[in-house]
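Below is the file my_file-v9.txt, which contains compact mmCIF, C-alpha atoms and all ligand atoms.
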```
# COMPACT_ATOMS: atom_id res chain seq x y z
CA SER V 110 107.69 156.56 154.43
CA ASP V 111 110.58 157.21 156.80
CA THR V 112 113.24 156.71 154.14
CA ARG V 113 111.48 159.13 151.84
CA LYS V 114 111.32 161.71 154.63
CA LYS V 115 115.02 161.27 155.41
CA LEU V 116 115.88 161.60 151.75
CA LEU V 117 113.93 164.83 151.42
CA GLU V 118 115.64 166.18 154.52
CA LEU V 119 119.02 165.36 152.98
CA PHE V 120 118.17 167.22 149.81
CA SER V 121 116.82 170.14 151.74
CA GLU V 122 120.06 170.36 153.80
CA ALA V 123 122.13 170.15 150.61
CA ASN V 124 120.40 173.31 149.41
CA GLY V 125 120.53 172.49 145.72
CA ASP V 126 124.01 170.95 145.79
CA PHE V 127 124.83 167.42 144.66
CA ILE V 128 124.87 164.54 147.11
CA SER V 129 126.66 161.39 146.02
CA GLY V 130 124.70 158.18 145.65
CA GLN V 131 127.13 156.51 148.03
CA LYS V 132 126.52 159.08 150.74
CA ILE V 133 122.76 158.76 150.35
CA SER V 134 122.89 154.99 150.57
CA ASP V 135 125.14 155.19 153.68
CA ILE V 136 122.88 157.59 155.49
CA LEU V 137 119.65 155.86 154.54
CA GLY V 138 121.19 152.47 155.15
CA CYS V 139 120.03 150.99 151.86
CA SER V 140 121.56 149.83 148.59
CA ARG V 141 122.40 152.13 145.66
CA THR V 142 119.63 150.44 143.71
CA ALA V 143 117.15 151.23 146.46
CA VAL V 144 118.30 154.86 146.42
CA TRP V 145 117.69 155.00 142.70
CA LYS V 146 114.18 153.61 143.23
CA HIS V 147 113.37 156.28 145.81
CA ILE V 148 114.62 158.94 143.41
CA GLU V 149 112.34 157.57 140.69
CA ASP V 150 109.40 157.68 143.11
CA LEU V 151 110.08 161.32 143.94
CA ARG V 152 110.25 162.14 140.25
CA LYS V 153 106.83 160.60 139.78
CA GLU V 154 105.51 162.91 142.48
CA GLY V 155 106.73 165.95 140.57
CA PHE V 156 110.17 166.52 142.10
CA ASP V 157 112.71 167.56 139.50
CA LEU V 158 115.91 165.68 140.36
CA GLU V 159 119.09 165.87 138.36
CA ALA V 160 121.44 162.89 138.26
CA VAL V 161 125.04 163.33 137.15
CA ARG V 162 127.64 160.57 137.03
CA ARG V 163 130.23 160.83 139.83
CA LEU V 164 128.45 163.81 141.40
CA GLY V 165 125.25 162.11 142.42
CA TYR V 166 121.83 163.69 142.73
CA ARG V 167 120.58 167.18 143.30
CA ILE V 168 117.17 168.70 143.62
CA VAL V 169 116.24 171.23 140.96
CA SER V 170 112.69 171.96 142.06
CA THR V 171 110.02 170.66 144.38
CA PRO V 172 106.57 169.81 143.04
CA ASP V 173 104.08 172.63 142.74
CA LYS V 174 101.83 171.54 145.56
CA ILE V 175 99.63 173.90 147.45
CA THR V 176 99.29 173.42 151.18
CA ALA V 177 98.19 175.83 153.89
CA ASN V 178 101.82 176.02 155.00
CA GLU V 179 103.08 176.83 151.51
CA ILE V 180 100.64 179.73 151.44
CA ARG V 181 101.52 180.91 154.94
CA LEU V 182 105.29 180.81 154.53
CA GLY V 183 106.26 184.22 153.20
CA LEU V 184 102.74 185.68 153.15
CA LYS V 185 103.12 189.43 153.69
CA THR V 186 99.51 190.38 154.40
CA GLU V 187 98.00 191.39 157.71
CA VAL V 188 94.46 190.12 157.23
CA PHE V 189 93.88 188.49 153.85
CA GLY V 190 94.73 184.81 153.91
CA GLN V 191 95.52 184.79 157.62
CA THR V 192 92.82 182.17 158.04
CA ILE V 193 93.17 179.38 155.49
CA TYR V 194 90.88 176.48 154.71
CA PHE V 195 92.75 174.18 152.37
CA GLU V 196 91.11 171.12 150.83
CA GLU V 197 92.40 168.56 148.36
CA GLU V 198 88.94 168.32 146.82
CA VAL V 199 85.70 170.29 147.10
CA THR V 200 82.62 170.74 144.96
CA SER V 201 83.24 174.49 144.87
CA THR V 202 85.32 176.76 147.09
CA GLN V 203 82.50 179.31 146.71
CA LYS V 204 80.01 176.95 148.25
CA MET V 205 82.30 176.20 151.17
CA ALA V 206 83.10 179.89 151.66
CA HIS V 207 79.39 180.81 151.72
CA GLN V 208 78.85 178.31 154.46
CA LEU V 209 81.83 179.62 156.44
CA ALA V 210 80.69 183.21 155.96
CA HIS V 211 77.27 182.23 157.21
CA GLU V 212 78.88 180.71 160.29
CA GLY V 213 80.69 183.99 160.96
CA ALA V 214 84.09 183.53 159.30
CA LYS V 215 86.32 186.57 159.63
CA GLU V 216 87.14 188.98 156.83
CA GLY V 217 90.15 187.77 154.88
CA THR V 218 89.38 184.08 155.34
CA ILE V 219 90.28 182.06 152.24
CA VAL V 220 89.22 178.68 150.95
CA VAL V 221 91.62 177.02 148.54
CA ALA V 222 91.32 173.63 146.86
CA GLU V 223 93.52 171.52 144.60
CA LEU V 224 90.48 170.26 142.71
CA GLN V 225 86.89 171.44 142.28
CA THR V 226 84.38 168.88 141.11
CA ALA V 227 81.70 171.51 140.47
CA GLY V 228 83.52 174.81 139.94
CA ARG V 229 81.07 177.57 139.10
CA GLY V 230 81.13 180.49 136.72
CA ARG V 231 78.57 183.25 136.44
CA MET V 232 74.96 182.47 135.59
CA ASP V 233 75.29 178.81 136.54
CA ARG V 234 78.04 178.19 134.05
CA LYS V 235 80.78 175.70 134.77
CA TRP V 236 84.37 176.53 135.62
CA PHE V 237 86.89 173.89 134.59
CA SER V 238 89.01 173.28 137.73
CA PRO V 239 91.27 170.24 137.32
CA LYS V 240 93.64 168.98 139.99
CA GLY V 241 96.99 170.52 140.68
CA THR V 242 97.24 173.06 137.88
CA GLY V 243 95.27 176.11 138.87
CA ILE V 244 94.36 178.38 141.72
CA TRP V 245 90.82 177.77 142.89
CA MET V 246 90.23 180.17 145.73
CA SER V 247 87.45 182.06 147.47
CA LEU V 248 88.02 185.09 149.70
CA ILE V 249 85.50 186.28 152.28
CA LEU V 250 85.11 190.04 152.72
CA ARG V 251 82.87 192.07 154.98
CA PRO V 252 83.00 195.50 153.39
CA PRO V 253 81.07 198.38 154.97
CA ILE V 254 79.43 199.29 151.65
CA PRO V 255 75.88 199.19 150.26
CA PRO V 256 75.06 196.11 148.14
CA GLN V 257 74.88 198.03 144.86
CA LYS V 258 78.57 198.87 145.15
CA THR V 259 79.80 195.28 145.24
CA PRO V 260 80.48 195.12 141.47
CA GLN V 261 83.35 197.48 142.24
CA LEU V 262 84.98 194.64 144.14
CA THR V 263 85.02 192.49 141.00
CA LEU V 264 86.94 195.22 139.22
CA LEU V 265 89.25 195.65 142.21
CA THR V 266 89.94 191.92 142.17
CA ALA V 267 90.71 191.99 138.46
CA VAL V 268 93.28 194.75 139.00
CA ALA V 269 94.85 192.85 141.91
CA ILE V 270 95.16 189.64 139.92
CA VAL V 271 96.62 191.43 136.91
CA GLN V 272 99.19 193.13 139.14
CA ALA V 273 100.06 189.84 140.82
CA ILE V 274 100.48 188.03 137.50
CA GLN V 275 102.68 190.86 136.30
CA GLU V 276 104.81 190.62 139.44
CA VAL V 277 105.15 186.83 139.61
CA ALA V 278 105.04 185.76 135.97
CA GLY V 279 106.16 188.90 134.19
CA LEU V 280 103.14 188.74 131.88
CA VAL V 281 100.82 191.69 131.32
CA PRO V 282 97.20 190.55 130.87
CA ASP V 283 94.25 192.60 129.63
CA ILE V 284 90.95 193.01 131.42
CA LYS V 285 87.65 192.64 129.58
CA TRP V 286 84.70 194.08 131.47
CA PRO V 287 83.59 192.98 133.96
CA ASN V 288 85.56 189.94 135.02
CA ASP V 289 87.64 188.38 132.28
CA ILE V 290 91.39 188.47 132.35
CA LEU V 291 92.95 187.62 129.02
CA ILE V 292 96.39 187.01 127.61
CA ASN V 293 96.68 187.14 123.83
CA GLY V 294 92.89 187.23 123.68
CA LYS V 295 92.40 184.05 125.68
CA LYS V 296 90.95 183.75 129.15
CA CYS V 297 93.28 182.72 131.96
CA VAL V 298 91.30 184.01 134.94
CA GLY V 299 87.66 184.08 135.98
CA ILE V 300 86.22 186.07 138.87
CA LEU V 301 82.88 185.41 140.53
CA THR V 302 81.57 187.88 143.12
CA GLU V 303 78.62 186.78 145.20
CA LEU V 304 77.05 188.54 148.11
CA GLN V 305 74.92 187.88 151.11
CA ALA V 306 73.07 191.06 151.96
CA ASP V 307 69.98 192.87 153.14
CA PRO V 308 68.70 195.60 150.84
CA ASP V 309 70.81 198.19 152.64
CA ARG V 310 73.66 196.22 154.18
CA VAL V 311 76.23 193.70 153.02
CA HIS V 312 76.80 190.77 155.34
CA SER V 313 79.57 189.25 153.33
CA VAL V 314 80.99 189.16 149.86
CA THR V 315 82.61 186.01 148.58
CA ILE V 316 85.06 186.58 145.78
CA GLY V 317 85.85 183.46 143.80
CA MET V 318 88.99 183.45 141.70
CA GLY V 319 89.98 180.85 139.19
CA VAL V 320 93.44 181.18 137.66
CA ASN V 321 94.74 178.78 135.02
CA VAL V 322 98.38 178.58 136.06
CA ASN V 323 100.19 175.44 134.94
CA HIS V 324 97.80 173.78 132.50
CA GLU V 325 99.28 172.57 129.27
CA ARG V 326 97.30 173.12 126.11
CA ASP V 327 96.09 169.54 125.83
CA GLN V 328 94.89 169.57 129.43
CA PHE V 329 92.00 171.82 128.45
CA PRO V 330 88.86 170.12 127.15
CA GLU V 331 88.33 170.67 123.46
CA ASP V 332 85.57 173.25 123.80
CA LEU V 333 87.85 175.49 125.86
CA ARG V 334 91.05 175.15 123.83
CA GLY V 335 90.15 178.02 121.51
CA ILE V 336 89.19 180.44 124.28
CA ALA V 337 91.25 179.51 127.32
CA THR V 338 94.93 179.67 128.18
CA SER V 339 97.20 179.31 131.20
CA LEU V 340 100.08 181.38 132.48
CA ALA V 341 102.51 178.51 131.80
CA ILE V 342 101.37 178.27 128.18
CA GLU V 343 101.88 182.00 127.69
CA LYS V 344 105.16 182.20 129.56
CA GLY V 345 106.64 178.91 128.46
CA GLU V 346 107.48 177.85 131.98
CA LYS V 347 105.69 176.76 135.14
CA ILE V 348 104.84 179.11 137.94
CA LYS V 349 104.64 178.37 141.68
CA ARG V 350 100.98 178.60 142.53
CA ALA V 351 101.48 179.23 146.25
CA ARG V 352 103.70 182.21 145.41
CA LEU V 353 101.04 183.61 143.09
CA ILE V 354 98.35 183.16 145.76
CA GLN V 355 100.50 185.16 148.20
CA GLU V 356 100.93 187.95 145.71
CA VAL V 357 97.22 188.05 144.81
CA LEU V 358 96.35 188.33 148.50
CA LEU V 359 98.89 191.08 149.05
CA LYS V 360 97.70 193.13 146.08
CA MET V 361 94.07 192.56 147.06
CA GLU V 362 94.68 193.72 150.61
CA THR V 363 96.55 196.82 149.47
CA LEU V 364 93.87 197.82 146.96
CA TYR V 365 91.04 197.01 149.35
CA ARG V 366 92.52 199.31 152.01
CA GLN V 367 92.91 202.04 149.43
CA TYR V 368 89.32 201.46 148.32
CA LEU V 369 87.90 201.71 151.84
CA GLN V 370 89.88 204.88 152.50
CA HIS V 371 89.63 206.74 149.22
CA GLY V 372 86.71 205.15 147.41
CA PHE V 373 86.53 203.58 143.97
CA LEU V 374 88.20 206.29 141.89
CA PRO V 375 91.85 205.18 142.33
CA ILE V 376 90.81 201.60 141.55
CA LYS V 377 88.81 202.72 138.53
CA LEU V 378 91.83 204.54 137.10
CA LEU V 379 94.02 201.46 137.51
CA TRP V 380 91.32 199.26 136.01
CA GLU V 381 90.95 201.51 132.96
CA GLY V 382 94.68 201.24 132.40
CA TYR V 383 94.31 197.48 131.84
CA ALA V 384 90.93 197.42 130.10
CA ILE V 385 90.78 196.53 126.43
CA SER V 386 87.09 196.97 125.70
CA ILE V 387 86.76 200.67 126.50
CA GLY V 388 86.50 202.98 123.49
CA LYS V 389 85.86 200.03 121.19
CA GLU V 390 82.79 198.74 119.43
CA ILE V 391 81.50 195.76 121.33
CA THR V 392 78.55 193.43 121.61
CA ALA V 393 76.97 192.98 125.02
CA ARG V 394 74.81 189.91 125.56
CA THR V 395 72.58 190.49 128.54
CA LEU V 396 69.74 188.39 129.89
CA ASN V 397 67.34 190.85 128.22
CA GLY V 398 68.93 190.83 124.79
CA THR V 399 71.92 191.85 122.77
CA ILE V 400 73.16 195.40 122.28
CA ARG V 401 75.91 196.53 119.93
CA GLY V 402 77.62 199.85 120.43
CA PHE V 403 80.63 201.71 121.73
CA ALA V 404 81.88 201.09 125.24
CA ARG V 405 82.23 204.62 126.62
CA GLY V 406 83.66 203.68 129.99
CA ILE V 407 82.46 202.57 133.38
CA THR V 408 80.49 204.55 135.93
CA ASP V 409 81.77 205.25 139.41
CA GLU V 410 79.79 202.18 140.43
CA GLY V 411 81.63 199.95 137.97
CA VAL V 412 78.70 199.71 135.56
CA LEU V 413 79.52 199.59 131.84
CA ILE V 414 78.37 202.57 129.74
CA LEU V 415 77.39 201.50 126.24
CA GLU V 416 76.31 203.92 123.50
CA ASP V 417 74.35 202.26 120.71
CA HIS V 418 74.14 203.43 117.10
CA ASP V 419 71.17 205.70 117.83
CA GLY V 420 73.20 207.48 120.46
CA THR V 421 71.19 205.95 123.28
CA ILE V 422 73.18 205.27 126.41
CA HIS V 423 72.73 201.90 128.09
CA TYR V 424 73.97 201.05 131.54
CA ILE V 425 75.04 197.42 131.57
CA HIS V 426 75.17 195.69 134.95
CA SER V 427 75.79 192.17 133.78
CA ALA V 428 76.64 190.81 130.35
CA ASP V 429 79.07 188.89 128.22
CA ILE V 430 81.13 191.13 126.03
CA SER V 431 82.64 190.29 122.69
CA LEU V 432 84.82 192.62 120.68
P1 LIG J 1 82.19 183.19 133.59
O1 LIG J 1 80.75 182.86 133.61
O2 LIG J 1 82.61 184.56 133.23
O3 LIG J 1 82.97 182.18 132.67
C1 LIG J 1 82.57 180.83 132.53
C2 LIG J 1 82.84 180.42 131.11
O4 LIG J 1 84.24 180.44 130.86
C3 LIG J 1 82.39 179.01 130.81
O5 LIG J 1 81.10 178.99 130.32
C4 LIG J 1 83.43 178.52 129.78
O6 LIG J 1 83.08 178.95 128.49
C5 LIG J 1 84.66 179.28 130.17
N1 LIG J 1 85.53 178.50 131.06
C6 LIG J 1 85.22 177.51 131.94
N2 LIG J 1 86.29 177.10 132.60
C7 LIG J 1 87.34 177.84 132.17
C8 LIG J 1 88.72 177.89 132.49
N3 LIG J 1 89.28 177.11 133.42
N4 LIG J 1 89.48 178.79 131.82
C9 LIG J 1 88.96 179.61 130.89
N5 LIG J 1 87.67 179.61 130.55
C10 LIG J 1 86.85 178.74 131.18
C11 LIG J 1 83.96 183.18 135.48
O7 LIG J 1 82.69 182.85 135.05
C12 LIG J 1 84.07 183.00 136.99
C13 LIG J 1 84.82 181.75 137.37
C14 LIG J 1 85.15 181.70 138.83
C15 LIG J 1 85.82 180.43 139.21
C16 LIG J 1 86.25 180.43 140.65
S1 LIG J 1 87.29 179.12 141.03
C17 LIG J 1 87.14 179.38 142.71
C18 LIG J 1 85.68 179.73 142.94
N6 LIG J 1 84.89 178.56 143.15
C19 LIG J 1 83.98 178.39 142.17
O8 LIG J 1 83.16 177.45 142.11
N7 LIG J 1 84.08 179.40 141.28
C20 LIG J 1 85.11 180.34 141.66
```
Once you've parsed the file, please lay out its structure as structure tokens.
Amino acid sequence: SDTRKKLLELFSEANGDFISGQKISDILGCSRTAVWKHIEDLRKEGFDLEAVRRLGYRIVSTPDKITANEIRLGLKTEVFGQTIYFEEEVTSTQKMAHQLAHEGAKEGTIVVAELQTAGRGRMDRKWFSPKGTGIWMSLILRPPIPPQKTPQLTLLTAVAIVQAIQEVAGLVPDIKWPNDILINGKKCVGILTELQADPDRVHSVTIGMGVNVNHERDQFPEDLRGIATSLAIEKGEKIKRARLIQEVLLKMETLYRQYLQHGFLPIKLLWEGYAISIGKEITARTLNGTIRGFARGITDEGVLILEDHDGTIHYIHSADISL
């Protein structure tokens, strides 16, 4: 409403300082009781408003809403995120991004949603994507690389997200090959890389990123509580999602440039610095069966090298890893 808009403008002009209830009611032209009601409404929408006797009201924080403008304001990239499709609700940002890529969307285009009704993981698994707590985003790339190199982009994305989380939340996550990002052993990020390609040429790569940012423990369904976490749970305070999106895009763009110029090696070195599974005994569940052995490292393509107990080397392209 108009009053609500005026009230928000007042708070924004006050820049975090107190405004007296009397002043608010004068400017809005309504009673003190009506002012109080508007304040209550704003609180319900997620605004944190402090009320102190004799001083009045002041705004402590705005709700953590994502909008295209929130992402744009302060975004330091040149290409990534310069075209934004923002939706309150989608089935899956991946699905929408595939469609856009098919229609010729430019490199760096992102699709972001507040809620996914059918968020996808790998191998047709589900990705829990409730409203207003996470980052559900897909990024369209058009890399001049052969299709078999696209797994490298998953690893690049993992490094970028870890760096962004470190920068914005001050937490240092671990990476578990190929696409899990963990804090204290629990998953807070999932990455899904899908490509549209001919045998020798990539048309587009869609990188889906799911980050659990502000979920509280009881907001996870029971079957995920033991294996999933959010940045807010680990840090003990909420994090601005739009700010984290900006940082992810910036780190992605920087690493992607480096990758196109110098190849995978610099990315691989960074990735290894965050990886927990390398050098350890692990179990890899692939579609063709389960192998136990030592993770010896990753190839220059990003493929996992696993040495089993007979000393046989296996190259693992896709699997679930447990330690
Ligand atoms: P994944 O196959 O590695 O992981 C999926 C598994 O992770 C599920 O089977 C479940 O056990 C667990 N899981 C599901 N939801 C969550 C969650 N929120 N937090 C932690 N664990 C969970 C990982 O697949 C790739 C996920 C990519 C998600 C993004 S979101 C934006 C884009 N759109 C879309 O539909 N998918 C991607």
- Item | Selection within 6 Å of ligand LIG 1 (chain J) by only C-alpha atoms and all ligand atoms, output as a VMD selection string | chain V and resid 201 to 203 228 to 231 234 to 238 245 to 247 296 to 297 299 to 301 317 to 319 321 337
- Might you pull out every residue within 10 Å of V:Arg167, with all atoms listed in the file counted and same-chain residues fewer than 2 positions away left off, and present them as a PyMOL selection string? chain V and resi 119-121+123-129+157-161+164-165+169-170
- Give me the residues within 12 Å of V:Leu415 as a ChimeraX atom specification, counting all atoms listed in the file and dropping any in the same chain fewer than 5 places off. /V:286,386-394,399-408,420-426,428,430
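With only C-alpha atoms taken into account, the protein and nucleic acid residues at most 12 Å from V:Arg352 (excluding it and anything under 3 positions from it in its own chain) are Asp173, Lys174, Ile175, Thr176, Ala177, Asn178, Glu179, Ile180, Arg181, Leu182, Gly183, Leu184, Lys185, Ile244, Ala273, Ile274, Glu276, Val277, Ala278, Val322, Lys347, Ile348, Lys349, Gln355, Glu356, Val357, Leu358 and Leu359 of chain V.
Ranking V:Leu262, V:Ala214, V:Ala341, V:Ile136 by their shortest atom-to-atom distance to V:His324, with all atoms listed in the file included, puts V:Ala341 first.
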- Excluding same-chain residues fewer than 3 positions from V:Pro172, what lies within 8 Å of it counting all atoms listed in the file, as number ranges by chain? V: 154-157
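Computed from the coordinates, the atom CA of V:Glu223 to atom CA of V:Glu196 distance equals 6.7 Å.
Distances to V:Lys215 were evaluated for V:Thr315, V:Ile270, V:Ile168, V:Pro308 using only C-alpha atoms, and the minimum falls at V:Thr315.
In this comparison, which uses all atoms listed in the file, the residue of V:Leu264, V:Ala306, V:Ala206, V:Leu151 approaching V:Phe373 most closely is V:Leu264.
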- If we count all atoms listed in the file, what is near V:Leu378 at a cut-off of 12 Å, once residues fewer than 2 positions away on the same chain are taken out, given as a list of chain:residue names? V:Leu264, V:Leu265, V:Val268, V:Tyr368, V:Gly372, V:Phe373, V:Leu374, V:Pro375, V:Ile376, V:Trp380, V:Glu381, V:Gly382, V:Tyr383, V:Ala384, V:Gly406, V:Ile407, V:Thr408, V:Asp409, V:Gly411
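Rounded to one decimal, atom CA of V:His207 and atom CA of V:Met361 lie 19.4 Å from each other.
If you look at atom CA of V:Thr266 and atom CA of V:Glu346, they are 24.7 Å away from each other.
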